[in-house]
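S.K.: Contents of protein03.cif (mmCIF, N, CA and C atoms) are given next:
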```cif
data_data
#
loop_
_atom_site.label_atom_id
_atom_site.label_comp_id
_atom_site.auth_asym_id
_atom_site.auth_seq_id
_atom_site.Cartn_x
_atom_site.Cartn_y
_atom_site.Cartn_z
N MET A 6 33.62 21.68 -25.25
CA MET A 6 32.29 21.53 -25.78
C MET A 6 31.69 20.18 -25.38
N ILE A 7 32.48 19.13 -25.49
CA ILE A 7 32.00 17.79 -25.14
C ILE A 7 31.69 17.72 -23.64
N LYS A 8 32.51 18.38 -22.82
CA LYS A 8 32.26 18.40 -21.39
C LYS A 8 30.91 19.05 -21.08
N LYS A 9 30.61 20.14 -21.78
CA LYS A 9 29.34 20.83 -21.57
C LYS A 9 28.17 19.95 -22.00
N LEU A 10 28.33 19.23 -23.10
CA LEU A 10 27.28 18.33 -23.58
C LEU A 10 27.05 17.19 -22.58
N ILE A 11 28.12 16.61 -22.08
CA ILE A 11 28.01 15.54 -21.09
C ILE A 11 27.34 16.06 -19.82
N PHE A 12 27.72 17.25 -19.39
CA PHE A 12 27.11 17.84 -18.20
C PHE A 12 25.62 18.07 -18.42
N ALA A 13 25.26 18.60 -19.58
CA ALA A 13 23.86 18.88 -19.88
C ALA A 13 23.04 17.59 -19.92
N LEU A 14 23.57 16.55 -20.54
CA LEU A 14 22.86 15.26 -20.59
C LEU A 14 22.72 14.66 -19.19
N SER A 15 23.75 14.77 -18.38
CA SER A 15 23.69 14.27 -17.01
C SER A 15 22.62 15.01 -16.21
N PHE A 16 22.57 16.30 -16.39
CA PHE A 16 21.58 17.13 -15.70
C PHE A 16 20.16 16.74 -16.12
N ILE A 17 19.95 16.54 -17.40
CA ILE A 17 18.64 16.15 -17.91
C ILE A 17 18.25 14.78 -17.37
N MET A 18 19.18 13.85 -17.33
CA MET A 18 18.89 12.52 -16.79
C MET A 18 18.52 12.60 -15.31
N ALA A 19 19.21 13.42 -14.55
CA ALA A 19 18.92 13.57 -13.12
C ALA A 19 17.52 14.13 -12.91
N ILE A 20 17.15 15.12 -13.70
CA ILE A 20 15.82 15.70 -13.61
C ILE A 20 14.76 14.67 -13.98
N THR A 21 15.01 13.89 -15.03
CA THR A 21 14.06 12.86 -15.47
C THR A 21 13.87 11.80 -14.40
N ILE A 22 14.95 11.35 -13.78
CA ILE A 22 14.86 10.34 -12.73
C ILE A 22 14.10 10.89 -11.53
N THR A 23 14.37 12.12 -11.15
CA THR A 23 13.66 12.74 -10.03
C THR A 23 12.18 12.87 -10.34
N ALA A 24 11.84 13.30 -11.54
CA ALA A 24 10.44 13.43 -11.94
C ALA A 24 9.76 12.08 -11.94
N GLN A 25 10.44 11.05 -12.38
CA GLN A 25 9.86 9.70 -12.39
C GLN A 25 9.56 9.24 -10.97
N LYS A 26 10.47 9.49 -10.03
CA LYS A 26 10.24 9.10 -8.63
C LYS A 26 9.04 9.84 -8.06
N ILE A 27 8.90 11.13 -8.39
CA ILE A 27 7.75 11.90 -7.92
C ILE A 27 6.47 11.30 -8.49
N ASN A 28 6.46 10.98 -9.79
CA ASN A 28 5.28 10.38 -10.39
C ASN A 28 4.99 9.02 -9.77
N ASP A 29 6.01 8.22 -9.51
CA ASP A 29 5.81 6.93 -8.86
C ASP A 29 5.27 7.11 -7.45
N THR A 30 5.77 8.09 -6.73
CA THR A 30 5.28 8.35 -5.38
C THR A 30 3.79 8.68 -5.42
N ASP A 31 3.40 9.52 -6.36
CA ASP A 31 1.99 9.86 -6.51
C ASP A 31 1.16 8.63 -6.88
N ALA A 32 1.69 7.79 -7.76
CA ALA A 32 0.97 6.58 -8.18
C ALA A 32 0.82 5.59 -7.02
N VAL A 33 1.86 5.43 -6.22
CA VAL A 33 1.78 4.53 -5.06
C VAL A 33 0.80 5.09 -4.03
N THR A 34 0.84 6.38 -3.81
CA THR A 34 -0.11 7.01 -2.89
C THR A 34 -1.55 6.78 -3.36
N ALA A 35 -1.77 6.91 -4.65
CA ALA A 35 -3.11 6.66 -5.21
C ALA A 35 -3.51 5.20 -5.06
N ALA A 36 -2.57 4.28 -5.28
CA ALA A 36 -2.86 2.85 -5.13
C ALA A 36 -3.20 2.52 -3.67
N ALA A 37 -2.47 3.10 -2.73
CA ALA A 37 -2.76 2.87 -1.31
C ALA A 37 -4.15 3.39 -0.95
N GLU A 38 -4.54 4.51 -1.53
CA GLU A 38 -5.88 5.06 -1.29
C GLU A 38 -6.95 4.15 -1.90
N LYS A 39 -6.69 3.63 -3.09
CA LYS A 39 -7.64 2.69 -3.70
C LYS A 39 -7.78 1.43 -2.86
N LEU A 40 -6.68 0.97 -2.28
CA LEU A 40 -6.73 -0.20 -1.41
C LEU A 40 -7.58 0.10 -0.18
N ARG A 41 -7.40 1.26 0.40
CA ARG A 41 -8.18 1.65 1.58
C ARG A 41 -9.67 1.62 1.28
N THR A 42 -10.08 2.21 0.17
CA THR A 42 -11.51 2.26 -0.16
C THR A 42 -12.03 0.87 -0.58
N ALA A 43 -11.20 0.08 -1.23
CA ALA A 43 -11.61 -1.28 -1.62
C ALA A 43 -11.79 -2.16 -0.39
N MET A 44 -10.97 -1.97 0.63
CA MET A 44 -11.11 -2.75 1.86
C MET A 44 -12.41 -2.40 2.57
N ILE A 45 -12.85 -1.16 2.47
CA ILE A 45 -14.13 -0.77 3.07
C ILE A 45 -15.29 -1.33 2.25
N SER A 46 -15.22 -1.22 0.94
CA SER A 46 -16.33 -1.67 0.09
C SER A 46 -16.42 -3.19 0.01
N GLY A 47 -15.28 -3.86 0.10
CA GLY A 47 -15.27 -5.31 -0.04
C GLY A 47 -15.56 -5.77 -1.46
N GLU A 48 -15.36 -4.89 -2.42
CA GLU A 48 -15.62 -5.21 -3.83
C GLU A 48 -14.50 -6.09 -4.37
N LYS A 49 -14.84 -7.29 -4.74
CA LYS A 49 -13.86 -8.29 -5.15
C LYS A 49 -12.98 -7.82 -6.30
N SER A 50 -13.56 -7.30 -7.35
CA SER A 50 -12.75 -6.91 -8.51
C SER A 50 -11.80 -5.77 -8.17
N ALA A 51 -12.24 -4.85 -7.33
CA ALA A 51 -11.37 -3.74 -6.93
C ALA A 51 -10.19 -4.27 -6.11
N LEU A 52 -10.47 -5.18 -5.19
CA LEU A 52 -9.40 -5.76 -4.37
C LEU A 52 -8.42 -6.53 -5.24
N GLU A 53 -8.93 -7.39 -6.10
CA GLU A 53 -8.06 -8.21 -6.94
C GLU A 53 -7.22 -7.40 -7.90
N SER A 54 -7.72 -6.24 -8.32
CA SER A 54 -6.96 -5.41 -9.26
C SER A 54 -5.75 -4.74 -8.61
N LEU A 55 -5.72 -4.73 -7.29
CA LEU A 55 -4.65 -4.02 -6.57
C LEU A 55 -3.57 -4.92 -5.99
N ILE A 56 -3.75 -6.24 -6.09
CA ILE A 56 -2.82 -7.15 -5.43
C ILE A 56 -2.17 -8.11 -6.42
N LEU A 57 -1.04 -8.64 -6.00
CA LEU A 57 -0.37 -9.70 -6.76
C LEU A 57 -0.83 -11.06 -6.23
N PRO A 58 -0.83 -12.08 -7.08
CA PRO A 58 -1.21 -13.42 -6.61
C PRO A 58 -0.31 -13.93 -5.48
N GLU A 59 0.91 -13.41 -5.39
CA GLU A 59 1.87 -13.82 -4.36
C GLU A 59 1.70 -13.05 -3.05
N LEU A 60 0.64 -12.27 -2.92
CA LEU A 60 0.45 -11.44 -1.73
C LEU A 60 0.60 -12.25 -0.45
N THR A 61 1.33 -11.67 0.50
CA THR A 61 1.39 -12.17 1.86
C THR A 61 0.91 -11.02 2.75
N TYR A 62 -0.17 -11.28 3.50
CA TYR A 62 -0.89 -10.23 4.23
C TYR A 62 -0.86 -10.58 5.72
N GLY A 63 0.05 -9.96 6.46
CA GLY A 63 0.24 -10.27 7.87
C GLY A 63 -0.62 -9.43 8.78
N HIS A 64 -1.31 -10.11 9.69
CA HIS A 64 -2.16 -9.45 10.68
C HIS A 64 -1.36 -9.21 11.96
N SER A 65 -1.82 -8.27 12.75
CA SER A 65 -1.11 -7.93 14.00
C SER A 65 -1.14 -9.07 15.00
N GLY A 66 -2.10 -9.98 14.88
CA GLY A 66 -2.18 -11.12 15.78
C GLY A 66 -1.32 -12.29 15.37
N GLY A 67 -0.66 -12.18 14.21
CA GLY A 67 0.26 -13.22 13.77
C GLY A 67 -0.21 -14.04 12.59
N HIS A 68 -1.54 -14.05 12.30
CA HIS A 68 -2.03 -14.83 11.16
C HIS A 68 -1.58 -14.18 9.86
N ILE A 69 -1.27 -15.01 8.88
CA ILE A 69 -0.88 -14.51 7.56
C ILE A 69 -1.84 -15.06 6.53
N ASP A 70 -2.46 -14.14 5.76
CA ASP A 70 -3.35 -14.51 4.68
C ASP A 70 -2.59 -14.53 3.36
N ASP A 71 -3.01 -15.40 2.46
CA ASP A 71 -2.53 -15.31 1.08
C ASP A 71 -3.52 -14.42 0.33
N ALA A 72 -3.31 -14.26 -0.95
CA ALA A 72 -4.17 -13.36 -1.74
C ALA A 72 -5.63 -13.79 -1.70
N ARG A 73 -5.87 -15.09 -1.83
CA ARG A 73 -7.24 -15.60 -1.85
C ARG A 73 -7.94 -15.31 -0.52
N GLU A 74 -7.28 -15.62 0.59
CA GLU A 74 -7.86 -15.38 1.91
C GLU A 74 -8.13 -13.90 2.15
N PHE A 75 -7.18 -13.08 1.77
CA PHE A 75 -7.34 -11.63 1.95
C PHE A 75 -8.61 -11.14 1.27
N VAL A 76 -8.80 -11.51 0.02
CA VAL A 76 -9.98 -11.06 -0.73
C VAL A 76 -11.24 -11.69 -0.14
N GLU A 77 -11.22 -12.97 0.10
CA GLU A 77 -12.40 -13.69 0.59
C GLU A 77 -12.92 -13.11 1.91
N LYS A 78 -12.03 -12.82 2.84
CA LYS A 78 -12.44 -12.28 4.14
C LYS A 78 -13.15 -10.93 3.99
N LEU A 79 -12.69 -10.11 3.08
CA LEU A 79 -13.32 -8.80 2.90
C LEU A 79 -14.63 -8.90 2.12
N VAL A 80 -14.68 -9.77 1.12
CA VAL A 80 -15.89 -9.94 0.31
C VAL A 80 -17.02 -10.54 1.15
N THR A 81 -16.69 -11.51 1.99
CA THR A 81 -17.72 -12.19 2.80
C THR A 81 -18.03 -11.45 4.10
N LYS A 82 -17.33 -10.37 4.36
CA LYS A 82 -17.49 -9.55 5.57
C LYS A 82 -17.01 -10.25 6.84
N LYS A 83 -16.24 -11.32 6.68
CA LYS A 83 -15.57 -11.90 7.85
C LYS A 83 -14.67 -10.83 8.46
N SER A 84 -14.04 -10.05 7.60
CA SER A 84 -13.36 -8.81 8.00
C SER A 84 -14.16 -7.68 7.36
N ASP A 85 -14.81 -6.89 8.19
CA ASP A 85 -15.70 -5.84 7.67
C ASP A 85 -15.28 -4.50 8.26
N PHE A 86 -14.68 -3.68 7.42
CA PHE A 86 -14.25 -2.35 7.85
C PHE A 86 -15.35 -1.35 7.51
N LEU A 87 -15.86 -0.67 8.54
CA LEU A 87 -16.84 0.40 8.33
C LEU A 87 -16.12 1.68 7.95
N THR A 88 -15.00 1.93 8.61
CA THR A 88 -14.16 3.09 8.30
C THR A 88 -12.70 2.67 8.38
N ILE A 89 -11.88 3.32 7.60
CA ILE A 89 -10.43 3.20 7.70
C ILE A 89 -9.85 4.58 7.47
N ASP A 90 -9.06 5.03 8.42
CA ASP A 90 -8.34 6.30 8.28
C ASP A 90 -6.86 6.00 8.42
N THR A 91 -6.06 6.66 7.60
CA THR A 91 -4.62 6.51 7.70
C THR A 91 -4.00 7.89 7.92
N THR A 92 -2.92 7.90 8.71
CA THR A 92 -2.20 9.16 8.95
C THR A 92 -0.71 8.87 8.90
N ASN A 93 0.05 9.94 8.85
CA ASN A 93 1.52 9.88 8.88
C ASN A 93 2.08 8.92 7.84
N GLN A 94 1.52 8.95 6.65
CA GLN A 94 1.97 8.03 5.61
C GLN A 94 3.28 8.52 4.98
N THR A 95 4.19 7.56 4.79
CA THR A 95 5.42 7.83 4.06
C THR A 95 5.52 6.84 2.91
N VAL A 96 6.12 7.28 1.83
CA VAL A 96 6.32 6.45 0.65
C VAL A 96 7.78 6.56 0.26
N GLN A 97 8.43 5.41 0.12
CA GLN A 97 9.83 5.38 -0.31
C GLN A 97 9.91 4.46 -1.54
N ILE A 98 10.43 4.98 -2.63
CA ILE A 98 10.58 4.22 -3.86
C ILE A 98 12.02 3.73 -3.96
N VAL A 99 12.17 2.41 -4.18
CA VAL A 99 13.48 1.81 -4.38
C VAL A 99 13.38 0.95 -5.63
N GLY A 100 13.83 1.50 -6.75
CA GLY A 100 13.70 0.78 -8.02
C GLY A 100 12.23 0.56 -8.36
N ASN A 101 11.84 -0.71 -8.54
CA ASN A 101 10.45 -1.05 -8.86
C ASN A 101 9.68 -1.53 -7.64
N THR A 102 10.15 -1.11 -6.46
CA THR A 102 9.50 -1.47 -5.21
C THR A 102 9.20 -0.20 -4.44
N ALA A 103 8.06 -0.20 -3.77
CA ALA A 103 7.69 0.94 -2.92
C ALA A 103 7.40 0.44 -1.52
N ILE A 104 7.89 1.17 -0.55
CA ILE A 104 7.64 0.87 0.85
C ILE A 104 6.74 1.98 1.39
N VAL A 105 5.59 1.58 1.90
CA VAL A 105 4.63 2.54 2.45
C VAL A 105 4.42 2.20 3.93
N ARG A 106 4.51 3.20 4.76
CA ARG A 106 4.20 3.04 6.18
C ARG A 106 3.14 4.06 6.55
N HIS A 107 2.21 3.64 7.40
CA HIS A 107 1.24 4.59 7.93
C HIS A 107 0.61 4.05 9.21
N HIS A 108 -0.07 4.94 9.91
CA HIS A 108 -0.88 4.57 11.06
C HIS A 108 -2.28 4.31 10.53
N PHE A 109 -2.93 3.31 11.06
CA PHE A 109 -4.19 2.78 10.54
C PHE A 109 -5.20 2.76 11.68
N TYR A 110 -6.31 3.45 11.48
CA TYR A 110 -7.38 3.50 12.46
C TYR A 110 -8.65 3.06 11.78
N ALA A 111 -9.34 2.10 12.35
CA ALA A 111 -10.54 1.58 11.70
C ALA A 111 -11.61 1.24 12.72
N THR A 112 -12.85 1.28 12.25
CA THR A 112 -13.97 0.71 12.99
C THR A 112 -14.41 -0.52 12.21
N THR A 113 -14.71 -1.58 12.94
CA THR A 113 -15.03 -2.85 12.30
C THR A 113 -16.39 -3.38 12.75
N ALA A 114 -16.94 -4.24 11.91
CA ALA A 114 -18.18 -4.96 12.22
C ALA A 114 -18.03 -6.37 11.67
N ASP A 115 -16.94 -7.04 12.04
CA ASP A 115 -16.65 -8.38 11.53
C ASP A 115 -17.79 -9.34 11.86
N ALA A 116 -18.11 -10.21 10.90
CA ALA A 116 -19.18 -11.19 11.08
C ALA A 116 -18.93 -12.02 12.32
N GLY A 117 -19.93 -12.11 13.18
CA GLY A 117 -19.83 -12.93 14.38
C GLY A 117 -19.09 -12.29 15.53
N LYS A 118 -18.70 -11.05 15.40
CA LYS A 118 -17.96 -10.36 16.46
C LYS A 118 -18.64 -9.04 16.81
N ALA A 119 -18.35 -8.55 18.00
CA ALA A 119 -18.85 -7.24 18.40
C ALA A 119 -18.12 -6.16 17.60
N PRO A 120 -18.77 -5.03 17.35
CA PRO A 120 -18.07 -3.92 16.68
C PRO A 120 -16.80 -3.56 17.44
N GLY A 121 -15.81 -3.11 16.70
CA GLY A 121 -14.54 -2.81 17.34
C GLY A 121 -13.82 -1.65 16.71
N ASP A 122 -12.78 -1.23 17.41
CA ASP A 122 -11.88 -0.20 16.92
C ASP A 122 -10.49 -0.82 16.80
N VAL A 123 -9.80 -0.46 15.74
CA VAL A 123 -8.48 -1.01 15.47
C VAL A 123 -7.50 0.14 15.31
N THR A 124 -6.37 0.05 16.00
CA THR A 124 -5.29 1.02 15.86
C THR A 124 -4.02 0.23 15.59
N LEU A 125 -3.46 0.41 14.41
CA LEU A 125 -2.30 -0.37 13.97
C LEU A 125 -1.26 0.52 13.31
N ASP A 126 -0.05 0.01 13.24
CA ASP A 126 0.97 0.57 12.37
C ASP A 126 1.15 -0.43 11.24
N ILE A 127 1.20 0.06 10.01
CA ILE A 127 1.18 -0.80 8.82
C ILE A 127 2.42 -0.57 7.98
N LEU A 128 2.92 -1.66 7.42
CA LEU A 128 3.96 -1.64 6.40
C LEU A 128 3.38 -2.30 5.16
N LEU A 129 3.38 -1.59 4.05
CA LEU A 129 2.94 -2.13 2.76
C LEU A 129 4.13 -2.17 1.82
N VAL A 130 4.25 -3.23 1.05
CA VAL A 130 5.28 -3.34 0.03
C VAL A 130 4.57 -3.48 -1.31
N TRP A 131 4.82 -2.53 -2.19
CA TRP A 131 4.21 -2.50 -3.51
C TRP A 131 5.27 -2.81 -4.56
N ALA A 132 4.89 -3.52 -5.60
CA ALA A 132 5.79 -3.83 -6.72
C ALA A 132 5.22 -3.21 -7.99
N LYS A 133 6.09 -2.62 -8.78
CA LYS A 133 5.67 -2.03 -10.03
C LYS A 133 5.64 -3.13 -11.10
N VAL A 134 4.47 -3.34 -11.67
CA VAL A 134 4.26 -4.33 -12.72
C VAL A 134 3.78 -3.57 -13.94
N LYS A 135 4.65 -3.52 -14.95
CA LYS A 135 4.42 -2.66 -16.12
C LYS A 135 4.27 -1.24 -15.60
N ASN A 136 3.10 -0.62 -15.73
CA ASN A 136 2.93 0.75 -15.23
C ASN A 136 2.06 0.83 -13.99
N ASP A 137 1.69 -0.32 -13.43
CA ASP A 137 0.81 -0.34 -12.26
C ASP A 137 1.57 -0.76 -11.01
N TRP A 138 1.10 -0.29 -9.88
CA TRP A 138 1.65 -0.69 -8.59
C TRP A 138 0.69 -1.69 -7.96
N LYS A 139 1.23 -2.85 -7.56
CA LYS A 139 0.44 -3.94 -6.99
C LYS A 139 0.97 -4.27 -5.61
N LEU A 140 0.06 -4.58 -4.69
CA LEU A 140 0.46 -4.92 -3.34
C LEU A 140 1.05 -6.32 -3.30
N LEU A 141 2.27 -6.42 -2.79
CA LEU A 141 2.98 -7.69 -2.67
C LEU A 141 2.98 -8.19 -1.22
N ALA A 142 3.08 -7.27 -0.26
CA ALA A 142 3.14 -7.68 1.14
C ALA A 142 2.58 -6.58 2.03
N ARG A 143 2.02 -7.04 3.15
CA ARG A 143 1.50 -6.13 4.16
C ARG A 143 1.76 -6.74 5.52
N GLN A 144 2.22 -5.93 6.47
CA GLN A 144 2.39 -6.40 7.83
C GLN A 144 1.85 -5.33 8.77
N ALA A 145 1.04 -5.77 9.72
CA ALA A 145 0.49 -4.88 10.73
C ALA A 145 1.08 -5.22 12.08
N VAL A 146 1.28 -4.20 12.89
CA VAL A 146 1.66 -4.39 14.29
C VAL A 146 0.73 -3.51 15.11
N LYS A 147 0.46 -3.95 16.33
CA LYS A 147 -0.40 -3.16 17.21
C LYS A 147 0.30 -1.88 17.58
N ALA A 148 -0.43 -0.79 17.49
CA ALA A 148 0.10 0.52 17.85
C ALA A 148 -0.28 0.81 19.30
N GLU A 149 0.56 1.52 20.01
CA GLU A 149 0.29 1.82 21.39
C GLU A 149 -0.85 2.80 21.56
N LYS A 150 -0.91 3.80 20.67
CA LYS A 150 -1.96 4.81 20.78
C LYS A 150 -2.11 5.50 19.44
N LYS A 151 -3.19 6.24 19.29
CA LYS A 151 -3.42 6.98 18.06
C LYS A 151 -2.38 8.08 17.95
N LYS A 152 -1.75 8.15 16.77
CA LYS A 152 -0.67 9.12 16.55
C LYS A 152 -1.12 10.20 15.61
#
```
Let me see the file written as structure tokens.
M.R.:
Amino acid sequence: MIKKLIFALSFIMAITITAQKINDTDAVTAAAEKLRTAMISGEKSALESLILPELTYGHSGGHIDDAREFVEKLVTKKSDFLTIDTTNQTVQIVGNTAIVRHHFYATTADAGKAPGDVTLDILLVWAKVKNDWKLLARQAVKAEKKK
């Protein structure tokens, strides 16, 4: 009888953990989508609500922004995304950390520059803070072609 009870409790715990990971995956996917739309809008409060103060935001050219620079560039349109599309996104949950990878295609109208097209591969690292997922790190690398 005790063996059956232990088995049943183990089974319930496994189902609960699996369901939690699925819910976290959905929440991270939603946070990544909110980040995409906030980067297009350049809305300061939306951007700040999605990031941690410790954010490290790596560009494909090698420059690294902190949280303040990241927000400021988008709000002032120094970095101005007209469109951002992502494809082939994967989400991996490891404890209270999420790793997101995707292909990133954008059209830009950065202040003082000619309009451009950007094709990148992106790595995002999200941290779970209470019940919210916040961006902790981002690194971009130049992609060879649209995938």
S.K.: Excluding Asp126 of chain A and residues on its chain fewer than 2 positions from it, collect all residues at most 6 Å away from it, counting only N, CA and C atoms, and give them as a VMD selection string.
M.R.: chain A and resid 107 to 109 124 128 144 to 148
S.K.: Identify all residues satisfying the PyMOL selection byres ((chain A and resi 122) around 7) in the given file; provide them as a list of chain:residue names.
M.R.: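 On this input, the PyMOL selection byres ((chain A and resi 122) around 7) captures A:Tyr110, A:Ala111, A:Thr112, A:Thr113, A:Pro120, A:Gly121, A:Val123, A:Thr124.
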S.K.: Got time to write the residues from that selection, N, CA and C atoms, as a PDB file, in the frame of the given file?
M.R.:
```
ATOM      1  N   TYR A 110      -6.310   3.450  11.480  1.00  0.00           N
ATOM      2  CA  TYR A 110      -7.380   3.500  12.460  1.00  0.00           C
ATOM      3  C   TYR A 110      -8.650   3.060  11.780  1.00  0.00           C
ATOM      4  N   ALA A 111      -9.340   2.100  12.350  1.00  0.00           N
ATOM      5  CA  ALA A 111     -10.540   1.580  11.700  1.00  0.00           C
ATOM      6  C   ALA A 111     -11.610   1.240  12.720  1.00  0.00           C
ATOM      7  N   THR A 112     -12.850   1.280  12.250  1.00  0.00           N
ATOM      8  CA  THR A 112     -13.970   0.710  12.990  1.00  0.00           C
ATOM      9  C   THR A 112     -14.410  -0.520  12.210  1.00  0.00           C
ATOM     10  N   THR A 113     -14.710  -1.580  12.940  1.00  0.00           N
ATOM     11  CA  THR A 113     -15.030  -2.850  12.300  1.00  0.00           C
ATOM     12  C   THR A 113     -16.390  -3.380  12.750  1.00  0.00           C
ATOM     13  N   PRO A 120     -18.770  -5.030  17.350  1.00  0.00           N
ATOM     14  CA  PRO A 120     -18.070  -3.920  16.680  1.00  0.00           C
ATOM     15  C   PRO A 120     -16.800  -3.560  17.440  1.00  0.00           C
ATOM     16  N   GLY A 121     -15.810  -3.110  16.700  1.00  0.00           N
ATOM     17  CA  GLY A 121     -14.540  -2.810  17.340  1.00  0.00           C
ATOM     18  C   GLY A 121     -13.820  -1.650  16.710  1.00  0.00           C
ATOM     19  N   VAL A 123      -9.800  -0.460  15.740  1.00  0.00           N
ATOM     20  CA  VAL A 123      -8.480  -1.010  15.470  1.00  0.00           C
ATOM     21  C   VAL A 123      -7.500   0.140  15.310  1.00  0.00           C
ATOM     22  N   THR A 124      -6.370   0.050  16.000  1.00  0.00           N
ATOM     23  CA  THR A 124      -5.290   1.020  15.860  1.00  0.00           C
ATOM     24  C   THR A 124      -4.020   0.230  15.590  1.00  0.00           C
TER      25      THR A 124
END
```
S.K.: Between A:Leu129, A:Ala103, A:Pro58, A:Glu53, which is the closest to Ala142 of chain A once you count all atoms listed in the file?
M.R.: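 Checking each of A:Leu129, A:Ala103, A:Pro58, A:Glu53 against Ala142 of chain A, counting all atoms listed in the file, the winner is A:Leu129.
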S.K.: Nearest residue to Glu48 of chain A out of A:Leu87, A:Ala119, A:Val80, A:Ile104, using only N, CA and C atoms?
M.R.: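 The closest residue to Glu48 of chain A is A:Val80.
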S.K.: From the DSSP assignment of the backbone, select every residue of chain A that is strand (DSSP E), and format the answer as a ChimeraX atom specification.
M.R.: /A:56-63,69-71,86-99,102-113,121-134,137-147
S.K.: Can you turn the PyMOL selection byres (((chain A and resi 50 and name CA) around 12) and name CA) into a concrete residue list for this file, as a PyMOL selection string?
M.R.: chain A and resi 39-40+43-44+46-49+51-56+76-77+79-80
S.K.: Just to confirm, what's the straight-line distance from atom CA of Lys78 of chain A to atom CA of Val96 of chain A in Å (one decimal)?
M.R.: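 Pair atom CA of Lys78 of chain A / atom CA of Val96 of chain A returns 26.7 Å.
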S.K.: Quick one: of A:Arg143, A:Asp90, A:Asp115, A:Asp29, who's nearest to Gly63 of chain A, counting all atoms listed in the file?
M.R.: A:Arg143
S.K.: Please determine, counting all atoms listed in the file, which residue among A:Asn136, A:Thr91, A:Thr42, A:Lys82 has the shortest atom-to-atom distance to Gly117 of chain A.
M.R.: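 Of the candidates, the smallest distance to Gly117 of chain A is held by A:Lys82.
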